[in-house]
file structure.csv (CSV, C-alpha atoms and all ligand atoms)
chain,number,residue,atom,x,y,z
A,146,MET,CA,-36.3,0.4,1.8
A,147,ALA,CA,-38.7,2.6,-0.2
A,148,GLU,CA,-37.7,2.5,-3.9
A,149,ASN,CA,-37.0,6.2,-4.1
A,150,SER,CA,-34.9,6.4,-1.0
A,151,LEU,CA,-32.8,3.4,-2.2
A,152,GLY,CA,-32.5,5.1,-5.5
A,153,HIS,CA,-31.3,8.2,-3.8
A,154,LEU,CA,-28.7,6.3,-1.8
A,155,LEU,CA,-27.4,4.4,-4.8
A,156,GLY,CA,-27.2,7.6,-6.8
A,157,ARG,CA,-24.8,9.0,-4.2
A,158,LEU,CA,-22.4,6.1,-4.4
A,159,ARG,CA,-19.0,6.6,-5.9
A,160,ARG,CA,-16.4,4.1,-7.1
A,161,TYR,CA,-13.5,6.1,-5.7
A,162,PRO,CA,-10.7,5.2,-5.1
A,163,ASP,CA,-11.2,2.9,-8.1
A,164,VAL,CA,-11.1,4.4,-11.6
A,165,GLU,CA,-14.1,6.7,-12.2
A,166,ALA,CA,-15.5,7.6,-15.6
A,167,ALA,CA,-18.9,8.7,-17.1
A,168,ASN,CA,-19.6,5.2,-18.4
A,169,LEU,CA,-18.7,3.4,-15.2
A,170,GLN,CA,-21.3,3.2,-12.4
A,171,ALA,CA,-20.9,2.3,-8.7
A,172,TRP,CA,-23.9,0.0,-8.6
A,173,ASP,CA,-26.1,-2.0,-11.0
A,174,ALA,CA,-29.6,-3.6,-11.4
A,175,THR,CA,-28.3,-6.8,-9.7
A,176,ASP,CA,-27.7,-4.8,-6.5
A,177,THR,CA,-31.3,-3.6,-6.4
A,178,LEU,CA,-32.7,-7.0,-7.3
A,179,LEU,CA,-30.6,-8.7,-4.6
A,180,LEU,CA,-31.7,-6.1,-2.0
A,181,ASP,CA,-35.4,-6.5,-3.0
A,182,THR,CA,-35.1,-10.3,-2.9
A,183,ALA,CA,-33.5,-10.1,0.5
A,184,ALA,CA,-36.1,-7.7,1.8
A,185,ASP,CA,-38.7,-10.5,1.4
A,186,LEU,CA,-36.7,-12.8,3.6
A,187,LEU,CA,-35.2,-10.5,6.2
A,188,THR,CA,-36.5,-10.4,9.8
A,189,PRO,CA,-35.3,-8.1,12.6
A,190,ALA,CA,-33.3,-11.1,13.9
A,191,SER,CA,-31.6,-11.9,10.5
A,192,ARG,CA,-27.8,-12.2,10.4
A,193,VAL,CA,-26.6,-11.1,7.0
A,194,ALA,CA,-23.3,-11.6,5.2
A,195,VAL,CA,-22.4,-10.0,1.9
A,196,ILE,CA,-19.9,-11.3,-0.6
A,197,GLY,CA,-18.6,-9.4,-3.6
A,198,ASP,CA,-20.1,-6.0,-2.8
A,199,ARG,CA,-18.5,-3.9,-5.5
A,200,TYR,CA,-18.5,-0.4,-3.9
A,201,GLY,CA,-20.9,-0.8,-1.0
A,202,ALA,CA,-24.3,-0.8,-2.7
A,203,LEU,CA,-25.4,-4.0,-1.0
A,204,THR,CA,-24.0,-3.3,2.5
A,205,LEU,CA,-25.3,0.3,2.6
A,206,GLY,CA,-28.6,-0.7,0.9
A,207,LEU,CA,-29.1,-3.3,3.7
A,208,LEU,CA,-28.2,-0.8,6.4
A,209,GLY,CA,-30.5,1.8,5.0
A,210,GLY,CA,-33.4,-0.6,5.0
A,211,ALA,CA,-35.9,-1.0,7.9
A,212,GLY,CA,-35.8,-4.2,10.0
A,213,THR,CA,-32.4,-5.4,8.8
A,214,ALA,CA,-29.7,-6.9,11.0
A,215,PRO,CA,-27.7,-4.4,13.1
A,216,GLN,CA,-24.4,-5.8,11.8
A,217,VAL,CA,-23.7,-6.7,8.2
A,218,ARG,CA,-20.5,-8.7,7.6
A,219,VAL,CA,-19.0,-8.2,4.3
A,220,TYR,CA,-16.2,-9.7,2.2
A,221,GLN,CA,-14.7,-7.9,-0.8
A,222,ASP,CA,-11.8,-9.3,-2.8
A,223,LEU,CA,-10.5,-5.9,-3.9
A,224,ILE,CA,-8.9,-3.4,-1.6
A,225,THR,CA,-10.4,-0.6,-3.7
A,226,GLY,CA,-13.9,-2.0,-3.1
A,227,GLU,CA,-13.2,-2.1,0.7
A,228,ARG,CA,-12.1,1.5,0.6
A,229,ALA,CA,-15.0,2.6,-1.6
A,230,LEU,CA,-17.4,1.0,0.9
A,231,ARG,CA,-15.8,2.9,3.8
A,232,HIS,CA,-15.7,6.1,1.8
A,233,ASN,CA,-19.3,5.8,0.7
A,234,ALA,CA,-20.4,5.0,4.2
A,235,ALA,CA,-18.7,8.1,5.6
A,236,ALA,CA,-20.2,10.3,2.8
A,237,LEU,CA,-23.7,9.0,3.6
A,238,GLY,CA,-23.1,9.5,7.3
A,239,VAL,CA,-23.3,5.7,8.1
A,240,ALA,CA,-21.2,5.1,11.1
A,241,GLY,CA,-20.4,1.4,11.7
A,242,GLY,CA,-23.1,-1.2,11.2
A,243,PHE,CA,-20.8,-3.3,9.0
A,244,LYS,CA,-17.7,-5.3,9.5
A,245,GLN,CA,-15.2,-6.1,6.7
A,246,LEU,CA,-13.8,-9.6,7.0
A,247,PRO,CA,-11.9,-12.2,5.0
A,248,LEU,CA,-13.8,-15.0,3.3
A,249,GLY,CA,-14.1,-17.5,6.2
A,250,ALA,CA,-15.7,-18.6,9.4
A,251,GLU,CA,-16.0,-15.2,11.0
A,252,LEU,CA,-17.8,-13.8,8.0
A,253,LEU,CA,-20.2,-16.7,7.6
A,254,ALA,CA,-20.8,-18.4,11.0
A,255,ASP,CA,-24.3,-17.7,12.1
A,256,ALA,CA,-25.3,-16.0,8.8
A,257,ASP,CA,-28.8,-17.0,7.8
A,258,ILE,CA,-28.8,-14.9,4.6
A,259,VAL,CA,-25.8,-14.4,2.3
A,260,LEU,CA,-26.0,-11.9,-0.6
A,261,LEU,CA,-23.6,-12.5,-3.4
A,262,GLN,CA,-22.8,-10.5,-6.5
A,263,LEU,CA,-21.9,-13.5,-8.8
A,264,PRO,CA,-18.2,-13.4,-9.7
A,265,LYS,CA,-16.8,-13.6,-13.2
A,266,THR,CA,-15.3,-17.1,-13.0
A,267,LEU,CA,-16.6,-20.5,-11.9
A,268,ALA,CA,-13.4,-21.0,-9.9
A,269,GLU,CA,-14.2,-18.0,-7.8
A,270,LEU,CA,-17.8,-19.1,-7.4
A,271,GLU,CA,-16.6,-22.5,-6.3
A,272,GLU,CA,-14.3,-21.1,-3.6
A,273,ILE,CA,-17.2,-18.9,-2.4
A,274,SER,CA,-19.7,-21.7,-2.5
A,275,ASP,CA,-17.4,-23.9,-0.5
A,276,ALA,CA,-16.8,-21.2,2.1
A,277,VAL,CA,-20.6,-20.6,2.5
A,278,ALA,CA,-21.4,-24.4,2.7
A,279,ARG,CA,-18.4,-24.9,5.1
A,280,HIS,CA,-19.1,-22.2,7.5
A,281,ALA,CA,-22.7,-21.0,7.3
A,282,PRO,CA,-25.5,-22.8,9.3
A,283,LYS,CA,-27.6,-25.5,7.7
A,284,GLY,CA,-30.6,-23.2,7.4
A,285,ALA,CA,-28.6,-20.5,5.5
A,286,VAL,CA,-29.9,-19.1,2.2
A,287,LEU,CA,-27.6,-17.8,-0.5
A,288,LEU,CA,-28.9,-15.2,-2.9
A,289,ALA,CA,-26.5,-15.1,-5.8
A,290,GLY,CA,-27.3,-12.4,-8.3
A,291,GLY,CA,-25.8,-11.4,-11.7
A,292,ARG,CA,-26.4,-9.8,-15.0
A,293,VAL,CA,-28.2,-12.4,-17.2
A,294,LYS,CA,-25.7,-11.9,-20.0
A,295,HIS,CA,-22.8,-12.9,-17.7
A,296,MET,CA,-24.6,-15.9,-16.2
A,297,SER,CA,-24.1,-19.4,-17.3
A,298,LEU,CA,-25.6,-22.8,-16.5
A,299,GLY,CA,-22.1,-23.7,-15.1
A,300,MET,CA,-23.0,-21.4,-12.2
A,301,ASN,CA,-26.1,-23.4,-11.4
A,302,GLU,CA,-23.9,-26.5,-11.5
A,303,VAL,CA,-21.3,-25.2,-9.2
A,304,LEU,CA,-24.0,-24.0,-6.7
A,305,GLY,CA,-25.7,-27.4,-7.1
A,306,ARG,CA,-22.5,-29.1,-5.9
A,307,TYR,CA,-22.6,-27.2,-2.6
A,308,PHE,CA,-26.4,-26.7,-2.0
A,309,GLU,CA,-29.3,-29.1,-2.0
A,310,THR,CA,-31.6,-26.7,-3.9
A,311,VAL,CA,-30.8,-24.0,-6.5
A,312,GLN,CA,-33.8,-22.1,-7.7
A,313,PRO,CA,-33.5,-19.5,-10.4
A,314,GLN,CA,-35.8,-16.5,-9.7
A,315,LEU,CA,-37.6,-14.4,-12.3
A,316,ALA,CA,-35.3,-12.0,-14.2
A,317,ARG,CA,-35.8,-8.3,-13.8
A,318,ARG,CA,-34.1,-5.5,-15.7
A,319,LYS,CA,-31.6,-8.1,-17.2
A,320,SER,CA,-30.5,-9.4,-13.8
A,321,ARG,CA,-31.4,-12.6,-12.1
A,322,VAL,CA,-31.0,-14.1,-8.6
A,323,LEU,CA,-30.3,-17.8,-8.0
A,324,LEU,CA,-31.6,-18.8,-4.6
A,325,ALA,CA,-29.4,-21.6,-3.1
A,326,SER,CA,-30.4,-23.3,0.1
A,327,GLY,CA,-29.5,-26.3,2.2
A,328,PRO,CA,-25.7,-26.1,2.3
A,329,LYS,CA,-24.2,-29.6,1.7
A,330,THR,CA,-21.4,-31.2,3.7
A,331,VAL,CA,-18.1,-30.3,2.2
A,332,GLU,CA,-14.8,-32.1,1.7
A,333,PRO,CA,-12.4,-31.8,4.7
A,334,VAL,CA,-9.9,-29.9,2.5
A,335,PRO,CA,-11.2,-26.7,0.7
A,336,PRO,CA,-10.9,-26.8,-3.1
A,337,TYR,CA,-8.7,-23.6,-3.1
A,338,PRO,CA,-5.9,-22.7,-3.2
A,339,VAL,CA,-4.8,-25.1,-5.9
A,340,THR,CA,-1.1,-25.7,-6.7
A,341,GLU,CA,0.1,-26.9,-10.1
A,342,HIS,CA,3.7,-27.4,-11.3
A,343,ASN,CA,4.3,-25.4,-14.4
A,344,ALA,CA,6.8,-27.5,-16.3
A,345,GLU,CA,7.7,-24.8,-18.8
A,346,LEU,CA,8.9,-22.6,-16.0
A,347,ASP,CA,9.7,-25.4,-13.5
A,348,LEU,CA,7.6,-23.4,-11.0
A,349,GLN,CA,5.0,-24.3,-8.5
A,350,VAL,CA,2.0,-21.9,-9.1
A,351,CYS,CA,-0.6,-21.5,-6.4
A,352,ALA,CA,-4.0,-20.0,-7.1
A,353,HIS,CA,-7.2,-19.0,-5.3
A,354,GLY,CA,-10.4,-19.0,-7.2
A,355,ALA,CA,-10.5,-15.3,-8.0
A,356,VAL,CA,-7.0,-14.8,-9.3
A,357,PHE,CA,-6.2,-13.9,-12.8
A,358,ALA,CA,-5.4,-16.9,-15.1
A,359,GLY,CA,-5.7,-19.4,-12.3
A,360,THR,CA,-2.6,-21.6,-12.1
A,361,LYS,CA,-2.0,-21.0,-15.9
A,362,LEU,CA,0.7,-18.9,-17.4
A,363,ASP,CA,-0.9,-16.0,-19.2
A,364,ILE,CA,0.4,-15.7,-22.8
A,365,GLY,CA,1.3,-12.0,-22.3
A,366,THR,CA,3.3,-13.0,-19.1
A,367,ARG,CA,5.0,-15.8,-21.0
A,368,TYR,CA,6.1,-13.2,-23.7
A,369,LEU,CA,7.4,-10.8,-21.0
A,370,LEU,CA,9.4,-13.7,-19.5
A,371,GLU,CA,11.2,-14.2,-22.8
A,372,PHE,CA,13.0,-10.9,-22.0
A,373,LEU,CA,14.0,-11.9,-18.5
A,374,PRO,CA,17.7,-12.3,-19.4
A,375,GLU,CA,17.7,-8.6,-20.5
A,376,ILE,CA,15.9,-7.3,-17.5
A,377,PRO,CA,18.4,-5.7,-15.1
A,378,ALA,CA,19.0,-6.5,-11.5
A,379,ALA,CA,17.7,-3.9,-9.0
A,380,GLY,CA,18.0,-3.5,-5.3
A,381,THR,CA,14.2,-3.4,-4.9
A,382,SER,CA,11.9,-4.6,-7.7
A,383,VAL,CA,8.1,-4.7,-7.9
A,384,ASP,CA,5.8,-7.1,-9.6
A,385,LEU,CA,2.9,-4.7,-10.0
A,386,GLY,CA,-0.5,-6.4,-10.3
A,387,CYS,CA,1.2,-9.7,-9.4
A,388,GLY,CA,-1.7,-12.1,-9.7
A,389,THR,CA,-0.3,-15.5,-8.7
A,390,GLY,CA,3.2,-14.0,-8.5
A,391,ILE,CA,4.8,-15.7,-11.4
A,392,LEU,CA,6.8,-12.7,-12.6
A,393,ALA,CA,8.0,-12.0,-9.0
A,394,ALA,CA,9.0,-15.6,-8.6
A,395,MET,CA,10.9,-15.9,-11.9
A,396,TYR,CA,12.6,-12.6,-11.4
A,397,ALA,CA,13.6,-13.4,-7.8
A,398,ARG,CA,15.0,-16.7,-8.8
A,399,ARG,CA,17.2,-15.1,-11.5
A,400,HIS,CA,18.3,-12.2,-9.1
A,401,PRO,CA,18.8,-13.8,-5.7
A,402,ASP,CA,20.1,-10.5,-4.3
A,403,SER,CA,17.1,-8.4,-5.3
A,404,ALA,CA,14.3,-7.8,-2.8
A,405,VAL,CA,11.0,-8.2,-4.7
A,406,ILE,CA,7.7,-6.8,-3.8
A,407,ALA,CA,4.7,-8.6,-5.3
A,408,THR,CA,1.6,-6.4,-5.0
A,409,ASP,CA,-2.0,-6.6,-6.1
A,410,GLN,CA,-5.3,-5.0,-5.2
A,411,SER,CA,-7.0,-8.5,-4.9
A,412,ALA,CA,-6.9,-10.5,-1.6
A,413,ALA,CA,-7.1,-13.7,-3.7
A,414,ALA,CA,-4.1,-12.6,-5.7
A,415,VAL,CA,-1.9,-11.7,-2.7
A,416,ALA,CA,-2.8,-14.9,-0.9
A,417,SER,CA,-1.9,-16.8,-4.1
A,418,ALA,CA,1.4,-14.9,-4.6
A,419,ARG,CA,2.3,-15.5,-1.0
A,420,ALA,CA,1.6,-19.2,-1.5
A,421,THR,CA,3.6,-19.3,-4.8
A,422,ALA,CA,6.6,-17.6,-3.1
A,423,THR,CA,6.5,-20.1,-0.3
A,424,ALA,CA,6.0,-23.2,-2.5
A,425,ASN,CA,9.2,-22.2,-4.4
A,426,GLY,CA,11.3,-21.3,-1.4
A,427,LEU,CA,11.3,-17.6,-2.3
A,428,ASP,CA,9.3,-16.3,0.6
A,429,ARG,CA,12.3,-14.6,2.3
A,430,GLN,CA,13.1,-12.7,-0.9
A,431,ILE,CA,9.5,-11.8,-1.9
A,432,THR,CA,7.3,-9.5,0.2
A,433,VAL,CA,3.6,-9.6,-0.7
A,434,LEU,CA,1.5,-6.6,-0.3
A,435,GLN,CA,-2.2,-5.9,-0.9
A,436,ASP,CA,-2.5,-2.4,-2.1
A,437,ASP,CA,-4.1,-0.1,-4.7
A,438,ALA,CA,-1.5,0.7,-7.4
A,439,MET,CA,1.4,0.7,-4.8
A,440,GLY,CA,-0.2,3.6,-2.9
A,441,SER,CA,1.7,2.7,0.3
A,442,LEU,CA,5.1,2.4,-1.3
A,443,PRO,CA,7.3,5.6,-1.1
A,444,ALA,CA,8.1,7.6,-4.1
A,445,GLY,CA,11.4,6.8,-5.7
A,446,SER,CA,11.7,3.5,-3.8
A,447,ALA,CA,12.1,0.9,-6.6
A,448,GLY,CA,14.7,0.4,-9.3
A,449,LEU,CA,12.5,-1.9,-11.5
A,450,ILE,CA,8.8,-2.6,-12.1
A,451,LEU,CA,7.4,-5.5,-14.0
A,452,LEU,CA,3.9,-5.0,-15.3
A,453,ASN,CA,1.3,-7.0,-17.2
A,454,PRO,CA,-1.5,-4.4,-16.8
A,455,PRO,CA,-5.2,-5.0,-16.5
A,456,PHE,CA,-7.4,-3.7,-19.2
A,457,HIS,CA,-10.8,-5.0,-18.3
A,458,LEU,CA,-12.6,-3.0,-15.7
A,459,GLY,CA,-15.4,-5.2,-14.5
A,460,ALA,CA,-17.4,-6.1,-17.5
A,461,SER,CA,-16.6,-2.9,-19.4
A,462,VAL,CA,-13.3,-2.4,-21.3
A,463,HIS,CA,-11.6,0.7,-20.2
A,464,ALA,CA,-8.0,1.8,-20.5
A,465,GLY,CA,-8.1,3.7,-17.1
A,466,ALA,CA,-6.8,0.8,-15.1
A,467,GLY,CA,-3.6,0.5,-17.2
A,468,ILE,CA,-3.0,4.3,-17.1
A,469,LYS,CA,-3.4,4.3,-13.3
A,470,MET,CA,-0.6,1.7,-13.1
A,471,PHE,CA,1.7,3.7,-15.4
A,472,GLU,CA,1.2,6.8,-13.2
A,473,ALA,CA,1.9,4.7,-10.1
A,474,ALA,CA,5.1,3.3,-11.7
A,475,ALA,CA,6.3,6.8,-12.5
A,476,ARG,CA,5.9,7.8,-8.9
A,477,VAL,CA,7.5,4.7,-7.3
A,478,LEU,CA,10.5,4.3,-9.7
A,479,VAL,CA,13.8,6.0,-8.9
A,480,PRO,CA,15.0,8.3,-11.6
A,481,GLY,CA,16.7,6.0,-14.2
A,482,GLY,CA,14.6,3.0,-13.0
A,483,GLU,CA,12.9,0.8,-15.5
A,484,LEU,CA,9.3,-0.2,-16.1
A,485,TRP,CA,9.0,-3.3,-18.2
A,486,THR,CA,5.4,-3.7,-19.6
A,487,VAL,CA,3.7,-6.3,-21.8
A,488,PHE,CA,0.4,-5.3,-23.4
A,489,ASN,CA,-1.9,-6.3,-26.2
A,490,SER,CA,-0.5,-4.3,-29.2
A,491,HIS,CA,-3.9,-2.9,-30.1
A,492,LEU,CA,-4.0,-0.9,-26.9
A,493,HIS,CA,-1.5,1.8,-28.1
A,494,TYR,CA,0.0,2.3,-24.6
A,495,LEU,CA,3.3,3.6,-25.9
A,496,PRO,CA,2.4,7.4,-26.0
A,497,ALA,CA,1.0,7.1,-22.4
A,498,LEU,CA,4.1,5.3,-21.1
A,499,GLU,CA,6.4,7.9,-22.8
A,500,ARG,CA,4.4,10.8,-21.4
A,501,LEU,CA,3.8,9.5,-17.9
A,502,VAL,CA,7.0,7.6,-17.2
A,503,GLY,CA,9.7,8.6,-19.6
A,504,PRO,CA,11.6,7.5,-22.8
A,505,THR,CA,10.0,4.2,-23.9
A,506,SER,CA,11.4,1.7,-26.4
A,507,VAL,CA,9.9,-1.4,-27.8
A,508,ARG,CA,11.9,-4.5,-27.0
A,509,GLY,CA,9.8,-7.0,-28.8
A,510,ARG,CA,6.6,-7.6,-30.7
A,511,ASN,CA,4.8,-10.8,-31.6
A,512,PRO,CA,1.5,-11.2,-33.4
A,513,LYS,CA,-0.4,-10.2,-30.3
A,514,PHE,CA,1.8,-8.4,-27.7
A,515,THR,CA,4.3,-5.7,-27.3
A,516,VAL,CA,7.0,-5.6,-24.6
A,517,SER,CA,8.3,-2.1,-23.9
A,518,VAL,CA,10.8,-0.6,-21.4
A,519,SER,CA,10.2,2.9,-20.0
A,520,VAL,CA,13.0,4.7,-18.2
A,521,LYS,CA,11.9,7.0,-15.4
A,522,ARG,CA,12.8,10.6,-16.3
A,523,HIS,CA,15.2,12.4,-14.0
A,524,GLY,CA,13.9,15.6,-12.3
A,525,ARG,CA,10.4,14.4,-11.7
B,601,LIG,C1,-3.3,-9.0,-16.3
B,601,LIG,S1,-3.2,-9.4,-14.6
B,601,LIG,C2,-1.5,-9.9,-14.4
B,601,LIG,C3,-1.3,-10.8,-13.3
B,601,LIG,C4,0.1,-11.4,-13.1
B,601,LIG,N1,1.1,-10.3,-13.0
B,601,LIG,C5,0.5,-12.3,-14.3
B,601,LIG,O1,1.3,-11.8,-15.1
B,601,LIG,O2,-0.1,-13.4,-14.4
B,601,LIG,C6,-3.4,-7.8,-13.9
B,601,LIG,C7,-3.4,-7.8,-12.4
B,601,LIG,O3,-3.4,-6.5,-11.9
B,601,LIG,C8,-4.2,-6.4,-10.8
B,601,LIG,N2,-4.7,-5.0,-10.6
B,601,LIG,C9,-5.6,-4.3,-11.3
B,601,LIG,N3,-5.7,-3.1,-10.8
B,601,LIG,C10,-4.9,-2.9,-9.8
B,601,LIG,C11,-4.5,-1.9,-8.9
B,601,LIG,N4,-5.2,-0.7,-9.0
B,601,LIG,N5,-3.6,-2.1,-8.0
B,601,LIG,C12,-3.0,-3.3,-7.9
B,601,LIG,N6,-3.3,-4.3,-8.7
B,601,LIG,C13,-4.2,-4.2,-9.6
B,601,LIG,C14,-5.3,-7.4,-11.0
B,601,LIG,O4,-5.9,-7.8,-9.8
B,601,LIG,C15,-4.6,-8.5,-11.7
B,601,LIG,O5,-4.1,-9.5,-10.8
call {"tool": "encode", "arguments": {"input": "structure.csv", "output": "structure tokens", "more": "lines below"}}
Ligand SMILES: C[S@@+](CC[C@H](N)C(=O)[O-])C[C@H]1O[C@@H](n2cnc3c(N)ncnc32)[C@H](O)[C@@H]1O
result
Amino acid sequence: MAENSLGHLLGRLRRYPDVEAANLQAWDATDTLLLDTAADLLTPASRVAVIGDRYGALTLGLLGGAGTAPQVRVYQDLITGERALRHNAAALGVAGGFKQLPLGAELLADADIVLLQLPKTLAELEEISDAVARHAPKGAVLLAGGRVKHMSLGMNEVLGRYFETVQPQLARRKSRVLLASGPKTVEPVPPYPVTEHNAELDLQVCAHGAVFAGTKLDIGTRYLLEFLPEIPAAGTSVDLGCGTGILAAMYARRHPDSAVIATDQSAAAVASARATATANGLDRQITVLQDDAMGSLPAGSAGLILLNPPFHLGASVHAGAGIKMFEAAARVLVPGGELWTVFNSHLHYLPALERLVGPTSVRGRNPKFTVSVSVKRHGR
């Protein structure tokens, strides 16, 4: 696509329904570098798959270009990213042309070019690399792009385990593309999800590559679990931003009569939480739901919410993601219902919890974290 028309398209993209702010953008220089690199390889017959498209820049950039494949298949881990892509496509008047799919055979079979926004962790890159090598044809080329400051040699090593050749391309505007070709033959069993027994909790923890903390127990989560004996039973409870579902599982085990909803915006997280629930015989008690901040749960439907909120938004630190969770908790709790939150004490979340949810008290503080309980105000 001509540079100015691509620039025009990207300039119109929004992050909505993800958090929006003046310092947060819906695309970056890696998207444009990936699109330009792909343009040199694309033919009218190319079949393209996209992985990790944040808000649709790659998919819509491909569809806006001349001579690209009529169908772009795309996998995004976050439901907010999937929705943003659909929203941006509608706003730009792009009807169809792309298909949103899980990371698997339907996404990758027949793909001869795969565009990837490099993920944050090597575990996620490993799961993606395995999927591409497993399902894409032998002639497939993977273009993996990232911001140079977030790239490591470990990424080349992971790609090298799954592809015959990994060629770093010239950096441009602080982004770089690694061109991987010649998918290798993979092990019969995919490397993810992994399951590990956590001896401290006596819990089987299952994790896909992209999930927060992997199979490990986050230290904030560990601190919140110290308060489990004080956390009341409720008819319906929610593990909000469940990750691998450790909080949901530990709460469900302690309160066998409580129905627990484990929910996260990440496909990898909900798949992990579902596997964790099953591995511990709790799948009948725990319902797992991929959703953006409980948007599909009715107002006033939960008596209790457990929350270890996110505070990193992509690479930029921003409190908006936590605040969005507090607003959601205020909506979904019944009056008198409780939100138990653990957070890094430097974040000063207490005034926001008090304002958005209701009376908030500190139940504990250690050198790093605060655990608070907020009681949903009546009459809201
Ligand atoms: C700090 S991690 C906690 C994970 C897990 N509860 C634990 O304790 O290990 C925060 C989680 O919130 C999820 N998250 C962030 N924004 C979200 C949103 N808008 N809706 C649902 N989940 C979200 C992230 O995907 C991540 O899994």
call {"tool": "atom_distance", "arguments": {"input": "structure.csv", "atom1": "CA of Arg317 in chain A", "atom2": "CA of Leu203 in chain A"}}
result
17.0 Å
call {"tool": "residues_near_ligand", "arguments": {"input": "structure.csv", "ligand": "ligand LIG 601 (chain B)", "cutoff": "6 Å", "atoms": "only C-alpha atoms and all ligand atoms", "output": "ChimeraX atom specification"}}
result
/A:357,363,366,386-388,409-411,414,436-438,453-455,466
call {"tool": "atom_distance", "arguments": {"input": "structure.csv", "atom1": "CA of Val164 in chain A", "atom2": "CA of Gly440 in chain A"}}
result
14.0 Å
call {"tool": "residues_around", "arguments": {"input": "structure.csv", "residues": "Ala394 in chain A", "least_positions_apart": "6", "cutoff": "12 Å", "atoms": "all atoms listed in the file", "output": "PyMOL selection string"}}
result
chain A and resi 346-351+370+373+382-384+387-388+400-401+403-407+417-433+451
call {"tool": "atom_distance", "arguments": {"input": "structure.csv", "atom1": "CA of Leu492 in chain A", "atom2": "CA of Leu478 in chain A"}}
result
23.1 Å
call {"tool": "closest_residue", "arguments": {"input": "structure.csv", "among": "A:Pro374, A:His295, A:Asp176, A:Leu287", "to": "Arg398 in chain A", "atoms": "all atoms listed in the file"}}
result
A:Pro374
call {"tool": "residues_near_point", "arguments": {"input": "structure.csv", "point": "(5.6, 8.4, -11.3)", "cutoff": "10 Å", "atoms": "all atoms listed in the file", "output": "PyMOL selection string"}}
result
chain A and resi 444-445+470-480+501-503+521-522+525
call {"tool": "closest_atom_pairs", "arguments": {"input": "structure.csv", "of": "range 331-402 of chain A", "to": "range 307-310 of chain A", "cutoff": "12 Å", "atoms": "all atoms listed in the file", "output": "Markdown table"}}
result
| residue | atom | partner | partner_atom | distance |
| --- | --- | --- | --- | --- |
| A:Val331 | CA | A:Tyr307 | CA | 7.3 |
| A:Glu332 | CA | A:Tyr307 | CA | 10.2 |
| A:Pro335 | CA | A:Tyr307 | CA | 11.9 |
| A:Pro336 | CA | A:Tyr307 | CA | 11.7 |
call {"tool": "closest_residue", "arguments": {"input": "structure.csv", "among": "A:Arg321, A:Arg159, A:Arg199, A:Arg192", "to": "Gly284 in chain A", "atoms": "all atoms listed in the file"}}
result
A:Arg192
call {"tool": "closest_residue", "arguments": {"input": "structure.csv", "among": "A:Asp181, A:Asp402, A:Glu227, A:Glu345", "to": "Val322 in chain A", "atoms": "all atoms listed in the file"}}
result
A:Asp181
call {"tool": "closest_residue", "arguments": {"input": "structure.csv", "among": "A:Ala190, A:Leu178, A:Ile450, A:Ala397", "to": "Gln314 in chain A", "atoms": "only C-alpha atoms"}}
result
A:Leu178
call {"tool": "residues_near_point", "arguments": {"input": "structure.csv", "point": "(-28.0, -14.0, 2.6)", "cutoff": "6 Å", "atoms": "all atoms listed in the file", "output": "CSV table (one decimal) with C-alpha atoms, in the frame of the given file"}}
result
chain,number,residue,atom,x,y,z
A,193,VAL,CA,-26.6,-11.1,7.0
A,194,ALA,CA,-23.3,-11.6,5.2
A,258,ILE,CA,-28.8,-14.9,4.6
A,259,VAL,CA,-25.8,-14.4,2.3
A,260,LEU,CA,-26.0,-11.9,-0.6
A,286,VAL,CA,-29.9,-19.1,2.2
A,287,LEU,CA,-27.6,-17.8,-0.5
A,288,LEU,CA,-28.9,-15.2,-2.9
call {"tool": "closest_atom_pairs", "arguments": {"input": "structure.csv", "of": "range 342-448 of chain A", "to": "range 243-254 of chain A", "cutoff": "12 Å", "atoms": "only C-alpha atoms", "output": "tab-separated table"}}
result
residue	atom	partner	partner_atom	distance
A:His353	CA	A:Leu248	CA	11.6
A:Gly354	CA	A:Leu248	CA	11.7
A:Ala355	CA	A:Leu248	CA	11.8
A:Ser411	CA	A:Pro247	CA	11.6
A:Ala412	CA	A:Pro247	CA	8.5
A:Ala413	CA	A:Leu248	CA	9.8
A:Ala416	CA	A:Pro247	CA	11.2
call {"tool": "closest_residue", "arguments": {"input": "structure.csv", "among": "A:Arg157, A:Thr182, A:Pro443, A:Leu207", "to": "Ala236 in chain A", "atoms": "all atoms listed in the file"}}
result
A:Arg157
